[in-house]
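J.: Let me begin by handing over the structure; questions about it come next.
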Amino acid sequence: SVASEDQKFCLQEVLDTFKMCLSDNKEVYTQHYVAGWRGLVKFLNSLGSVFGFISKDAVNKIQILVNYLNGENGSQYVTVQSMVKYELENELVDITKRGSHPESGCRTLLRLHRALRWLELFLERLRTSTEDSKTSVMCAEAYNEALAQHHPWMIRKAANMAFYMLPGRPAFFEVMNVGPPEQVVAMLGEALPLISEVYQITETLYAQHNLLDLP
Ligand code: 1PX
């Protein structure tokens with residue numbers, strides 16, 4: 001039925017959300033950034049409950065940002081650029097160690113930003129993979145390159161164990177619901193430059209303000 005097709009997850013739609021992230025003057029809209037992550041979490045949940053501890057943390061961080069967006073100072077959070085400016089000018093960020101602002105928008109978004117780099121690396125590996133490539137290996141490589149250094153030992157251990165539970169490449173492509181493998185590859189080729197641009201703009205912004213190591 002039409003209703004059940006509506007609910008069927010399609011990764012293309014999620015990655016399209018990241019297209020909407022950039023304003024004409026290359027600012028990053030928080031709302032679409034968060035919506036992109038929401039879609040990715042939905043995808044992750046459809047892969048099984050062993051990934052629950054990962055999606056739970058992502059959902060928690062998404063919610064923190066949504067609360068700022070819907071809060072009394074929501075207009076300051078419209079773009080990542082305006083959020084950084086507002087939180088820094090009003091001393092709402094713990095810079096060297098966690099203190100009175102343990103859940104600032106800046107430090108919360110930084111966690112998702114690092115995970116976006118993982119996504120970029122993982123999708124690039126998927127795009128260039130062959131039939132016999134292992135999703136678990138591609139995922140672990142991307143994780144070790146982009147995220148592992150930011151995580152304590154226990155999380156690294158749990159994450160690497162979860163990766164073994166990923167479905168193989170054919171099933172993984174199936175869940176993405178984009179079409180035959182050639183179409184998945186084409187879709188990834190279109191989506192990746194956009195994800196990469198959103199990542200780079202955020203990275204440069206955070207670097208300019210010395211925010212890349214926020215506790
Ligand atoms: C076609 C591919 C699409 C795949 C979509 C998968 C979406 C994955 C969403 C992952 C979001 C992860 C956010 C993690 C944020 C984070 O680093 N949090 C840690 C630090 O936060 P804190 O507040 O403590 O400073 C936190 O400690 C993390 C806890 C949970 C474990 C995070 C493991 C991240 C692994 C990322 C890879 C996901 C594997 C999905 C396989 C498809």
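Labels used: A, B, ... for chains in the order of the structure tokens, numbers from 1 for residues in each chain, and numbers from 1 for ligands as shown.
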Hey, what's within 10 Å of Phe51 (chain A) if we count only C-alpha atoms and toss same-chain stuff fewer than 4 positions away? As a compact mmCIF listing (two decimals) with C-alpha atoms, in the first residue's frame, please?
T.:
# COMPACT_ATOMS: atom_id res chain seq x y z
CA VAL A 41 19.50 7.09 13.33
CA LEU A 44 20.74 2.53 12.18
CA ASN A 45 17.74 1.33 14.22
CA SER A 46 16.50 -0.69 11.27
CA LEU A 47 19.79 -2.63 11.36
CA SER A 55 21.62 5.46 18.39
CA LYS A 56 20.72 6.29 21.99
CA ALA A 158 31.80 -1.97 22.19
CA ALA A 159 31.73 -0.18 18.85
CA ALA A 162 28.88 -4.02 17.14
CA PHE A 163 30.47 -3.62 13.71
CA MET A 165 26.90 -7.52 13.55
CA LEU A 166 26.51 -5.37 10.43
J.: Under the rule of at most 7 Å, produce a per-residue listing of chain A near ligand 1: chain, number, name, the closest pair of atoms, and the distance in Å, as a Markdown table, using only C-alpha atoms and all ligand atoms.
T.:
| residue | atom | partner | partner_atom_place_in_ligand_line | distance |
| --- | --- | --- | --- | --- |
| A:Leu11 | CA | ligand 1 | 1 (C) | 6.9 |
| A:Trp37 | CA | ligand 1 | 9 (C) | 7.0 |
| A:Leu40 | CA | ligand 1 | 7 (C) | 4.5 |
| A:Val41 | CA | ligand 1 | 7 (C) | 5.2 |
| A:Phe43 | CA | ligand 1 | 5 (C) | 5.9 |
| A:Leu44 | CA | ligand 1 | 6 (C) | 4.9 |
| A:Phe53 | CA | ligand 1 | 30 (C) | 5.7 |
| A:Ile54 | CA | ligand 1 | 30 (C) | 4.2 |
| A:Ser55 | CA | ligand 1 | 9 (C) | 6.0 |
| A:Asp57 | CA | ligand 1 | 30 (C) | 5.4 |
| A:Ala58 | CA | ligand 1 | 13 (C) | 4.5 |
| A:Thr108 | CA | ligand 1 | 23 (O) | 6.9 |
| A:Arg111 | CA | ligand 1 | 15 (C) | 4.8 |
| A:Leu112 | CA | ligand 1 | 15 (C) | 5.4 |
| A:Arg114 | CA | ligand 1 | 17 (O) | 6.9 |
| A:Ala115 | CA | ligand 1 | 13 (C) | 5.5 |
| A:Trp118 | CA | ligand 1 | 36 (C) | 6.8 |
| A:Leu119 | CA | ligand 1 | 4 (C) | 6.7 |
| A:Leu123 | CA | ligand 1 | 2 (C) | 6.2 |
| A:Cys139 | CA | ligand 1 | 41 (C) | 6.5 |
| A:Tyr143 | CA | ligand 1 | 37 (C) | 6.3 |
| A:Leu147 | CA | ligand 1 | 17 (O) | 6.8 |
| A:His151 | CA | ligand 1 | 27 (O) | 6.0 |
| A:Ile155 | CA | ligand 1 | 31 (C) | 5.7 |
| A:Ala159 | CA | ligand 1 | 33 (C) | 5.3 |
| A:Phe163 | CA | ligand 1 | 41 (C) | 6.5 |
| A:Leu166 | CA | ligand 1 | 41 (C) | 6.7 |
| A:Met176 | CA | ligand 1 | 1 (C) | 6.5 |
| A:Pro215 | CA | ligand 1 | 25 (O) | 6.9 |
J.: Just write the chosen residues, N, CA and C atoms, as a short mmCIF file (atom, residue, chain, number, x, y, z; two decimals), in the first residue's frame.
T.:
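The resulting part-v4.cif:
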data_model
loop_
_atom_site.label_atom_id
_atom_site.label_comp_id
_atom_site.auth_asym_id
_atom_site.auth_seq_id
_atom_site.Cartn_x
_atom_site.Cartn_y
_atom_site.Cartn_z
N LEU A 11 17.57 5.74 2.01
CA LEU A 11 18.76 6.50 2.41
C LEU A 11 18.96 7.76 1.58
N TRP A 37 20.66 13.78 10.79
CA TRP A 37 21.04 12.79 11.81
C TRP A 37 19.86 11.94 12.25
N LEU A 40 19.47 9.26 9.76
CA LEU A 40 20.54 8.25 9.87
C LEU A 40 20.29 7.32 11.06
N VAL A 41 19.80 7.90 12.14
CA VAL A 41 19.50 7.09 13.33
C VAL A 41 18.39 6.10 13.02
N PHE A 43 17.80 4.78 10.18
CA PHE A 43 18.46 3.75 9.39
C PHE A 43 19.21 2.78 10.32
N LEU A 44 19.96 3.34 11.24
CA LEU A 44 20.74 2.53 12.18
C LEU A 44 19.81 1.61 12.98
N PHE A 53 22.94 1.25 21.65
CA PHE A 53 23.74 2.16 22.48
C PHE A 53 24.32 3.30 21.65
N ILE A 54 24.49 3.05 20.36
CA ILE A 54 24.99 4.12 19.48
C ILE A 54 23.87 5.10 19.16
N SER A 55 22.71 4.56 18.76
CA SER A 55 21.62 5.46 18.39
C SER A 55 21.10 6.23 19.60
N ASP A 57 22.86 7.45 22.08
CA ASP A 57 23.71 8.61 22.27
C ASP A 57 23.45 9.68 21.20
N ALA A 58 23.26 9.22 19.97
CA ALA A 58 22.97 10.17 18.89
C ALA A 58 21.65 10.90 19.15
N THR A 108 28.15 19.67 21.91
CA THR A 108 27.23 18.62 21.47
C THR A 108 27.34 18.43 19.95
N ARG A 111 30.41 16.52 18.61
CA ARG A 111 30.34 15.05 18.61
C ARG A 111 29.70 14.54 17.32
N LEU A 112 28.64 15.20 16.90
CA LEU A 112 27.98 14.78 15.65
C LEU A 112 28.87 15.11 14.46
N ARG A 114 32.14 15.10 14.35
CA ARG A 114 33.16 14.05 14.23
C ARG A 114 32.56 12.79 13.62
N ALA A 115 31.33 12.49 14.02
CA ALA A 115 30.66 11.30 13.47
C ALA A 115 30.35 11.49 11.99
N TRP A 118 33.16 10.24 10.13
CA TRP A 118 33.08 8.78 10.03
C TRP A 118 32.15 8.41 8.87
N LEU A 119 30.98 9.08 8.81
CA LEU A 119 30.00 8.77 7.77
C LEU A 119 30.61 8.98 6.38
N LEU A 123 30.94 5.94 3.81
CA LEU A 123 30.20 5.98 2.54
C LEU A 123 31.15 5.96 1.34
N CYS A 139 33.47 -0.21 7.92
CA CYS A 139 32.96 0.57 9.04
C CYS A 139 34.04 0.75 10.11
N TYR A 143 35.81 4.15 11.33
CA TYR A 143 35.72 4.48 12.77
C TYR A 143 37.11 4.74 13.35
N LEU A 147 36.95 8.48 14.50
CA LEU A 147 36.29 8.61 15.80
C LEU A 147 37.02 7.98 16.98
N HIS A 151 37.20 8.49 21.62
CA HIS A 151 36.40 7.64 22.50
C HIS A 151 37.25 6.88 23.51
N ILE A 155 34.14 2.25 24.96
CA ILE A 155 33.29 2.57 23.80
C ILE A 155 33.90 2.00 22.53
N ALA A 159 32.00 -0.56 20.23
CA ALA A 159 31.73 -0.18 18.85
C ALA A 159 32.29 -1.24 17.90
N PHE A 163 30.22 -3.63 15.15
CA PHE A 163 30.47 -3.62 13.71
C PHE A 163 30.38 -5.02 13.10
N LEU A 166 27.05 -6.02 11.63
CA LEU A 166 26.51 -5.37 10.43
C LEU A 166 26.19 -6.40 9.37
N MET A 176 19.26 0.04 2.40
CA MET A 176 19.36 1.44 1.97
C MET A 176 18.20 1.81 1.06
N PRO A 215 35.70 19.77 25.69
CA PRO A 215 35.47 18.62 26.57
C PRO A 215 33.99 18.20 26.60
#
J.: Tell me which of A:Leu88, A:Cys21, A:Val198, A:Val178 sits closest to Phe9 (chain A), counting only C-alpha atoms.
T.: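 Using only C-alpha atoms, the shortest distance to Phe9 (chain A) belongs to A:Val178.
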J.: From a DSSP pass on the backbone, collect the residues of region 43-169 of chain A flagged as helix (DSSP H, G or I) and hand them back as a ChimeraX atom specification.
T.: /A:43-46,49-70,74-77,80-89,105-127,135-146,148-150,153-163,169
J.: Report as a PDB file with N, CA and C atoms, in the first residue's frame all protein, DNA and RNA residues lying within 10 Å of Val80 (chain A), evaluated on only C-alpha atoms, omitting residues in the same chain fewer than 2 positions from it.
T.:
ATOM      1  N   GLU A  27      26.333  28.968   5.213  1.00  0.00           N
ATOM      2  CA  GLU A  27      26.201  28.689   6.637  1.00  0.00           C
ATOM      3  C   GLU A  27      25.444  27.380   6.769  1.00  0.00           C
ATOM      4  N   VAL A  28      25.601  26.709   7.904  1.00  0.00           N
ATOM      5  CA  VAL A  28      24.990  25.396   8.104  1.00  0.00           C
ATOM      6  C   VAL A  28      23.729  25.532   8.963  1.00  0.00           C
ATOM      7  N   TYR A  29      22.587  25.170   8.396  1.00  0.00           N
ATOM      8  CA  TYR A  29      21.336  25.236   9.150  1.00  0.00           C
ATOM      9  C   TYR A  29      21.265  24.108  10.173  1.00  0.00           C
ATOM     10  N   THR A  30      21.156  24.465  11.437  1.00  0.00           N
ATOM     11  CA  THR A  30      21.102  23.473  12.517  1.00  0.00           C
ATOM     12  C   THR A  30      19.923  22.522  12.343  1.00  0.00           C
ATOM     13  N   GLN A  31      18.790  23.063  11.971  1.00  0.00           N
ATOM     14  CA  GLN A  31      17.575  22.270  11.834  1.00  0.00           C
ATOM     15  C   GLN A  31      17.732  21.127  10.830  1.00  0.00           C
ATOM     16  N   TYR A  33      20.618  19.929   9.688  1.00  0.00           N
ATOM     17  CA  TYR A  33      21.721  19.093  10.163  1.00  0.00           C
ATOM     18  C   TYR A  33      21.179  18.021  11.109  1.00  0.00           C
ATOM     19  N   GLN A  76      19.032  32.230  17.984  1.00  0.00           N
ATOM     20  CA  GLN A  76      20.507  32.255  17.985  1.00  0.00           C
ATOM     21  C   GLN A  76      21.093  30.944  17.469  1.00  0.00           C
ATOM     22  N   TYR A  77      20.242  29.928  17.358  1.00  0.00           N
ATOM     23  CA  TYR A  77      20.715  28.586  16.994  1.00  0.00           C
ATOM     24  C   TYR A  77      20.360  28.182  15.563  1.00  0.00           C
ATOM     25  N   VAL A  78      19.864  29.158  14.794  1.00  0.00           N
ATOM     26  CA  VAL A  78      19.412  28.832  13.439  1.00  0.00           C
ATOM     27  C   VAL A  78      20.533  28.234  12.583  1.00  0.00           C
ATOM     28  N   SER A  82      25.846  30.975  13.826  1.00  0.00           N
ATOM     29  CA  SER A  82      25.231  31.880  14.814  1.00  0.00           C
ATOM     30  C   SER A  82      25.283  31.260  16.205  1.00  0.00           C
ATOM     31  N   MET A  83      25.175  29.929  16.282  1.00  0.00           N
ATOM     32  CA  MET A  83      25.266  29.240  17.572  1.00  0.00           C
ATOM     33  C   MET A  83      26.635  29.453  18.209  1.00  0.00           C
ATOM     34  N   VAL A  84      27.680  29.258  17.408  1.00  0.00           N
ATOM     35  CA  VAL A  84      29.047  29.407  17.913  1.00  0.00           C
ATOM     36  C   VAL A  84      29.254  30.833  18.434  1.00  0.00           C
ATOM     37  N   LYS A  85      28.830  31.798  17.624  1.00  0.00           N
ATOM     38  CA  LYS A  85      28.992  33.207  17.998  1.00  0.00           C
ATOM     39  C   LYS A  85      28.255  33.505  19.315  1.00  0.00           C
ATOM     40  N   TYR A  86      27.003  33.082  19.361  1.00  0.00           N
ATOM     41  CA  TYR A  86      26.164  33.350  20.531  1.00  0.00           C
ATOM     42  C   TYR A  86      26.709  32.682  21.794  1.00  0.00           C
ATOM     43  N   GLY A 105      25.672  23.759  23.091  1.00  0.00           N
ATOM     44  CA  GLY A 105      25.406  23.401  21.705  1.00  0.00           C
ATOM     45  C   GLY A 105      26.707  23.100  20.973  1.00  0.00           C
ATOM     46  N   CYS A 106      27.745  23.900  21.256  1.00  0.00           N
ATOM     47  CA  CYS A 106      29.027  23.737  20.568  1.00  0.00           C
ATOM     48  C   CYS A 106      29.639  22.362  20.813  1.00  0.00           C
ATOM     49  N   LEU A 109      27.310  19.542  19.230  1.00  0.00           N
ATOM     50  CA  LEU A 109      27.398  19.443  17.776  1.00  0.00           C
ATOM     51  C   LEU A 109      28.759  18.903  17.337  1.00  0.00           C
ATOM     52  N   ILE A 201      33.053  22.940   6.131  1.00  0.00           N
ATOM     53  CA  ILE A 201      32.656  24.269   6.598  1.00  0.00           C
ATOM     54  C   ILE A 201      32.611  24.299   8.127  1.00  0.00           C
ATOM     55  N   THR A 202      32.046  23.248   8.709  1.00  0.00           N
ATOM     56  CA  THR A 202      31.972  23.164  10.177  1.00  0.00           C
ATOM     57  C   THR A 202      33.365  23.043  10.775  1.00  0.00           C
ATOM     58  N   LEU A 205      35.133  26.370  10.683  1.00  0.00           N
ATOM     59  CA  LEU A 205      34.543  27.254  11.699  1.00  0.00           C
ATOM     60  C   LEU A 205      35.046  26.895  13.097  1.00  0.00           C
ATOM     61  N   TYR A 206      35.009  25.626  13.429  1.00  0.00           N
ATOM     62  CA  TYR A 206      35.449  25.176  14.753  1.00  0.00           C
ATOM     63  C   TYR A 206      36.949  25.426  14.944  1.00  0.00           C
TER      64      TYR A 206
END
J.: Per residue of region 116-162 of chain A within 10 Å of region 181-194 of chain A, what are the shortest atom pair and its distance in Å to one decimal, counting only C-alpha atoms, with rows by chain and residue number, as JSON lines?
T.:
{"residue": "A:Leu119", "atom": "CA", "partner": "A:Leu192", "partner_atom": "CA", "distance": 9.4}
{"residue": "A:Glu120", "atom": "CA", "partner": "A:Leu192", "partner_atom": "CA", "distance": 6.6}
{"residue": "A:Leu121", "atom": "CA", "partner": "A:Leu192", "partner_atom": "CA", "distance": 9.3}
{"residue": "A:Leu123", "atom": "CA", "partner": "A:Leu188", "partner_atom": "CA", "distance": 6.9}
{"residue": "A:Glu124", "atom": "CA", "partner": "A:Leu192", "partner_atom": "CA", "distance": 7.3}
{"residue": "A:Leu126", "atom": "CA", "partner": "A:Val185", "partner_atom": "CA", "distance": 7.9}
{"residue": "A:Arg127", "atom": "CA", "partner": "A:Val185", "partner_atom": "CA", "distance": 5.1}
{"residue": "A:Thr128", "atom": "CA", "partner": "A:Val185", "partner_atom": "CA", "distance": 7.7}
{"residue": "A:Ser129", "atom": "CA", "partner": "A:Val185", "partner_atom": "CA", "distance": 9.1}
{"residue": "A:Thr130", "atom": "CA", "partner": "A:Pro181", "partner_atom": "CA", "distance": 9.9}
{"residue": "A:Glu131", "atom": "CA", "partner": "A:Pro181", "partner_atom": "CA", "distance": 9.3}
J.: Ranking A:Leu211, A:Ala35, A:Ile64, A:Ile195 by minimum distance to Val93 (chain A) and counting only C-alpha atoms, which one comes first?
T.: A:Leu211
J.: Neighbours of Arg117 (chain A) within 7 Å (only C-alpha atoms; same-chain residues fewer than 4 positions away dropped), as a tab-separated table (two decimals) with N, CA and C atoms, in the first residue's frame?
T.:
chain	number	residue	atom	x	y	z
A	113	HIS	N	29.56	16.23	14.56
A	113	HIS	CA	30.47	16.65	13.49
A	113	HIS	C	31.57	15.60	13.28
A	121	LEU	N	33.74	8.90	5.45
A	121	LEU	CA	34.74	7.87	5.15
A	121	LEU	C	34.09	6.52	4.86
A	146	ALA	N	38.38	8.14	12.06
A	146	ALA	CA	37.69	9.40	12.38
A	146	ALA	C	37.27	9.56	13.84
A	199	TYR	N	30.81	19.11	6.21
A	199	TYR	CA	31.85	18.77	7.19
A	199	TYR	C	32.96	19.81	7.18
J.: Report, in Å with one decimal, the straight-line distance from CA of Glu72 (chain A) to CA of Leu110 (chain A).
T.: 22.2 Å
